[in-house]
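Undergrad: structure.cif (mmCIF, C-alpha atoms and all ligand atoms) pasted underneath:
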data_coords
#
loop_
_atom_site.label_atom_id
_atom_site.label_comp_id
_atom_site.auth_asym_id
_atom_site.auth_seq_id
_atom_site.Cartn_x
_atom_site.Cartn_y
_atom_site.Cartn_z
CA MET A 1 107.95 60.68 0.81
CA VAL A 2 110.30 57.72 1.13
CA LYS A 3 108.68 54.38 1.86
CA VAL A 4 110.40 52.54 4.69
CA ILE A 5 109.67 48.88 5.43
CA GLY A 6 110.78 47.48 8.79
CA ILE A 7 110.88 43.69 8.95
CA TYR A 8 110.89 42.26 12.46
CA GLY A 9 112.73 38.93 12.69
CA SER A 10 112.43 37.91 16.33
CA PRO A 11 109.92 35.33 17.52
CA ARG A 12 109.83 37.40 20.75
CA LYS A 13 107.25 40.16 20.86
CA LYS A 14 108.82 43.31 22.36
CA GLY A 15 112.21 41.62 22.44
CA ASN A 16 115.49 43.47 21.97
CA SER A 17 115.50 43.60 18.19
CA ASP A 18 111.82 44.66 18.21
CA LEU A 19 112.59 47.59 20.51
CA LEU A 20 115.57 48.66 18.41
CA LEU A 21 113.58 48.58 15.19
CA ASP A 22 110.67 50.39 16.87
CA SER A 23 113.10 53.19 17.76
CA ALA A 24 114.55 53.32 14.26
CA LEU A 25 111.11 53.46 12.64
CA ARG A 26 109.99 56.17 15.05
CA GLY A 27 112.99 58.21 13.93
CA ALA A 28 112.17 57.57 10.26
CA GLN A 29 108.51 58.46 10.78
CA GLU A 30 109.35 61.69 12.58
CA GLN A 31 111.47 62.56 9.57
CA GLY A 32 108.38 62.25 7.38
CA ALA A 33 108.83 58.71 6.05
CA ASP A 34 105.90 56.47 5.16
CA VAL A 35 106.56 53.50 7.47
CA LYS A 36 105.23 49.94 7.20
CA LYS A 37 105.96 47.27 9.82
CA ILE A 38 106.11 43.58 8.92
CA TYR A 39 106.33 40.99 11.68
CA ALA A 40 107.75 37.74 10.29
CA ARG A 41 106.55 35.83 13.38
CA ASP A 42 102.91 36.66 12.61
CA LEU A 43 103.06 35.42 9.03
CA LYS A 44 102.72 31.93 7.69
CA ILE A 45 105.61 31.82 5.25
CA SER A 46 106.94 28.44 4.25
CA GLY A 47 110.48 27.91 3.05
CA CYS A 48 111.39 28.25 -0.60
CA ARG A 49 110.77 24.94 -2.38
CA GLY A 50 113.48 25.53 -4.95
CA CYS A 51 110.91 24.40 -7.51
CA ASP A 52 112.00 27.01 -10.10
CA GLY A 53 108.35 28.03 -10.53
CA CYS A 54 109.40 31.70 -10.32
CA GLU A 55 111.97 31.21 -13.07
CA LYS A 56 109.25 31.42 -15.71
CA SER A 57 107.09 34.23 -14.36
CA GLY A 58 109.03 36.03 -11.65
CA LYS A 59 106.20 35.08 -9.33
CA CYS A 60 106.27 32.61 -6.48
CA VAL A 61 103.87 29.70 -6.91
CA VAL A 62 103.55 29.05 -3.16
CA GLN A 63 100.26 30.51 -1.97
CA ASP A 64 100.78 31.75 1.58
CA ASP A 65 101.23 35.05 3.45
CA MET A 66 104.35 35.90 1.44
CA GLN A 67 102.08 36.78 -1.47
CA ASP A 68 100.93 39.86 0.50
CA ILE A 69 104.52 40.94 1.14
CA TYR A 70 106.03 41.09 -2.37
CA HIS A 71 104.43 44.37 -3.36
CA PHE A 72 105.71 46.09 -0.21
CA LEU A 73 109.24 44.93 -1.02
CA ASP A 74 108.79 46.09 -4.59
CA ASP A 75 107.79 49.63 -3.58
CA ALA A 76 110.24 50.22 -0.74
CA GLY A 77 112.86 52.95 -0.88
CA VAL A 78 114.41 51.69 2.34
CA ILE A 79 114.14 48.29 4.01
CA ILE A 80 115.42 47.68 7.54
CA LEU A 81 115.70 44.06 8.65
CA SER A 82 115.94 43.48 12.39
CA SER A 83 116.82 40.17 13.99
CA PRO A 84 118.45 38.54 16.94
CA ILE A 85 121.39 36.32 16.12
CA PHE A 86 120.37 32.67 16.30
CA PHE A 87 123.26 30.26 15.81
CA TYR A 88 125.34 32.97 14.10
CA GLY A 89 122.63 33.72 11.57
CA LEU A 90 119.19 35.29 11.26
CA THR A 91 116.08 33.65 12.74
CA SER A 92 114.25 31.03 10.71
CA GLN A 93 111.16 33.25 10.68
CA ILE A 94 112.89 36.06 8.78
CA LYS A 95 115.03 33.67 6.77
CA ALA A 96 111.92 32.07 5.26
CA LEU A 97 110.82 35.52 4.04
CA ILE A 98 114.32 36.20 2.70
CA ASP A 99 114.53 32.90 0.82
CA ARG A 100 111.21 33.59 -0.83
CA GLY A 101 112.82 36.77 -2.19
CA GLN A 102 114.24 34.46 -4.85
CA ALA A 103 111.10 35.18 -6.90
CA MET A 104 112.06 38.85 -6.95
CA TRP A 105 115.52 37.99 -8.19
CA TRP A 106 113.92 36.13 -11.11
CA LYS A 107 111.45 38.93 -11.67
CA ARG A 108 114.30 41.38 -12.11
CA LYS A 109 116.25 39.01 -14.30
CA LEU A 110 113.26 38.35 -16.55
CA SER A 111 112.49 42.06 -16.87
CA ARG A 112 115.95 42.91 -18.17
CA GLY A 113 115.53 44.72 -21.44
CA SER A 114 112.06 45.95 -20.56
CA LYS A 115 111.25 49.36 -19.13
CA ASP A 116 110.78 47.73 -15.73
CA LYS A 117 114.52 47.10 -15.71
CA LYS A 118 115.51 49.76 -13.24
CA LYS A 119 112.62 49.21 -10.86
CA ASN A 120 113.89 49.37 -7.34
CA TYR A 121 117.48 50.18 -8.25
CA GLY A 122 118.61 52.83 -5.84
CA GLY A 123 116.70 51.38 -2.89
CA ARG A 124 118.76 50.91 0.23
CA GLY A 125 118.78 48.01 2.68
CA TYR A 126 119.96 47.92 6.30
CA LEU A 127 120.27 45.38 9.09
CA ILE A 128 119.84 45.75 12.83
CA ALA A 129 121.09 42.70 14.72
CA VAL A 130 121.56 41.83 18.37
CA GLY A 131 123.34 38.90 20.00
CA ALA A 132 124.08 37.69 23.51
CA THR A 133 127.77 36.98 23.10
CA ARG A 134 130.72 39.09 22.05
CA GLY A 135 132.41 37.06 19.33
CA GLN A 136 134.25 38.99 16.68
CA ASN A 137 132.40 37.27 13.83
CA LEU A 138 128.98 37.38 15.50
CA PHE A 139 127.29 39.34 12.71
CA GLU A 140 129.14 37.98 9.68
CA GLY A 141 126.59 35.33 8.69
CA ALA A 142 123.61 37.63 9.17
CA GLN A 143 125.28 40.40 7.17
CA LEU A 144 126.06 38.12 4.25
CA THR A 145 122.45 36.94 4.14
CA ALA A 146 121.19 40.53 4.31
CA ARG A 147 123.60 41.64 1.58
CA TYR A 148 122.42 39.02 -0.89
CA PHE A 149 118.76 39.46 0.00
CA PHE A 150 119.00 43.13 -0.89
CA ASP A 151 120.94 42.24 -4.00
CA ALA A 152 118.07 39.98 -5.10
CA LEU A 153 115.72 42.94 -4.63
CA GLY A 154 117.97 45.22 -6.67
CA MET A 155 118.82 47.24 -3.58
CA SER A 156 122.19 48.05 -2.08
CA TYR A 157 123.17 46.79 1.37
CA GLU A 158 124.36 49.73 3.42
CA GLY A 159 125.27 48.06 6.73
CA GLY A 160 123.46 48.84 9.94
CA LEU A 161 123.59 48.60 13.70
CA PHE A 162 125.03 45.67 15.66
CA PHE A 163 124.77 45.11 19.39
CA ARG A 164 126.67 42.48 21.38
CA GLY A 165 126.15 41.24 24.92
CA ILE A 166 122.37 41.69 25.05
CA GLU A 167 120.47 38.56 25.96
CA SER A 168 117.38 38.53 28.15
CA MET A 169 113.96 39.78 27.14
CA GLY A 170 113.98 43.58 26.98
CA ALA A 171 117.62 43.81 28.18
CA VAL A 172 118.24 46.51 25.59
CA LYS A 173 116.19 48.88 27.76
CA GLU A 174 119.20 48.92 30.09
CA HIS A 175 121.12 50.42 27.18
CA PRO A 176 119.29 53.68 26.41
CA GLU A 177 122.26 54.73 24.28
CA ALA A 178 121.55 51.78 21.95
CA LEU A 179 117.90 52.78 21.58
CA GLN A 180 118.95 56.38 20.97
CA GLU A 181 121.44 55.20 18.35
CA ALA A 182 118.66 53.25 16.62
CA TYR A 183 116.38 56.30 16.69
CA ASP A 184 119.11 58.52 15.18
CA PHE A 185 119.86 55.82 12.62
CA GLY A 186 116.18 55.74 11.56
CA LYS A 187 116.24 59.49 11.02
CA GLU A 188 119.47 59.31 9.07
CA VAL A 189 118.49 56.51 6.67
CA VAL A 190 115.62 58.55 5.30
CA THR A 191 117.55 61.76 4.89
CA ILE A 192 120.49 60.38 2.91
CA GLY A 193 120.40 59.23 -0.70
C1 LIG A 201 117.74 29.65 19.43
C2 LIG A 201 118.66 30.74 19.88
C3 LIG A 201 119.93 30.82 19.34
C4 LIG A 201 120.81 31.84 19.71
N1 LIG A 201 122.05 31.91 19.14
C5 LIG A 201 122.89 32.90 19.49
C6 LIG A 201 124.19 32.98 18.90
O1 LIG A 201 124.59 32.18 18.05
N2 LIG A 201 125.00 33.99 19.30
C7 LIG A 201 124.61 34.91 20.24
O2 LIG A 201 125.40 35.80 20.56
N3 LIG A 201 123.36 34.88 20.80
C8 LIG A 201 122.50 33.90 20.45
N4 LIG A 201 121.23 33.85 20.99
C9 LIG A 201 120.80 34.94 21.92
C10 LIG A 201 119.95 36.02 21.26
O3 LIG A 201 120.56 36.52 20.09
C11 LIG A 201 119.74 37.17 22.24
O4 LIG A 201 119.06 36.69 23.39
C12 LIG A 201 118.99 38.35 21.67
O5 LIG A 201 119.09 39.46 22.55
C13 LIG A 201 117.51 38.05 21.45
O6 LIG A 201 116.91 39.12 20.79
P1 LIG A 201 115.30 39.32 20.77
O7 LIG A 201 114.90 39.73 22.16
O8 LIG A 201 115.07 40.37 19.77
O9 LIG A 201 114.70 38.00 20.36
C14 LIG A 201 120.37 32.81 20.67
C15 LIG A 201 119.08 32.72 21.22
C16 LIG A 201 118.24 31.70 20.86
C17 LIG A 201 116.86 31.60 21.47
#
Rewrite the coordinates I just gave you, this time as structure tokens.
TA:
Amino acid sequence: MVKVIGIYGSPRKKGNSDLLLDSALRGAQEQGADVKKIYARDLKISGCRGCDGCEKSGKCVVQDDMQDIYHFLDDAGVIILSSPIFFYGLTSQIKALIDRGQAMWWKRKLSRGSKDKKKNYGGRGYLIAVGATRGQNLFEGAQLTARYFFDALGMSYEGGLFFRGIESMGAVKEHPEALQEAYDFGKEVVTIG
């Protein structure tokens, strides 16, 4: 049974990106996936200090809620990030979690040559993002961040779902086709690969 982690990036409970990820995870669950939800807004995760502490051990020295998250990231077959676009990027809540993924990059690098080498290779990462405006490059920044986060985890970035022109709280409910698309997407990501 594939393990699917959904990471919620919005500070808004039941906001647009929450509802889209809820739909996707429902689809994944109905397909038999083992689903875990992580809400970045509920965690106390400080930014990466850039202290290089993880360079020696592959473990982050900062003792906060991120310590409970690493093993989920380690075990995931599929990770779906979901976030509104804030200033053409991801929210600071999810970005803090992403930056702390640096320890996993070092962990992989340090394990090269050991039997742990391939751990997590083959895992797939996706992004669901929603923004209020319609700019052509609206999702570029968020996608680059997602791509290199998944790279740090030894997973491939496989793209995702992107919705423009959705702003107010729960506005995505006026777009049932978007929620349906997210549901279908959730089903699909656990059946491929
Ligand atoms: C601090 C802040 C920055 C934002 N920056 C952008 C932006 O750069 N581009 C955009 O299209 N929408 C921007 N938005 C709008 C949100 O992306 C939009 O309202 C989205 O639907 C919120 O999703 P949520 O309900 O999941 O939080 C911003 C909203 C906030 C609060």
Undergrad: Which is closest to ligand LIG 201 (chain A) among A:Phe87, A:Tyr8, A:Tyr126, A:Phe72, if we use all atoms listed in the file?
TA: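 The closest residue to ligand LIG 201 (chain A) is A:Phe87.
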Undergrad: Of the candidates A:Lys3, A:Lys14, A:Arg41, A:Lys107, which shows the shortest atom-to-atom distance to Cys60 (chain A), using only C-alpha atoms?
TA: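 When distances to Cys60 (chain A) are compared using only C-alpha atoms, the smallest one comes from A:Lys107.
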Undergrad: I'd like to know which of A:Arg26, A:Lys13, A:Lys36, A:Arg100 is closest to ligand LIG 201 (chain A), using all atoms listed in the file.
TA: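 The shortest atom-to-atom distance to ligand LIG 201 (chain A) comes from A:Lys13.
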Undergrad: Expressed in Å to a single decimal, how great is the separation between atom C3 of ligand LIG 201 (chain A) and CA of Leu97 (chain A)?
TA: 18.4 Å
Undergrad: Do you know which residues are within 12 Å of ligand LIG 201 (chain A) using all atoms listed in the file? Can you write them as number ranges by chain?
TA: A: 8-22, 39, 41, 81-94, 128-142, 162-173
Undergrad: Using all atoms listed in the file, which of A:Lys59, A:Arg124, A:Lys37, A:Lys44 sits nearest Leu153 (chain A)?
TA: A:Arg124
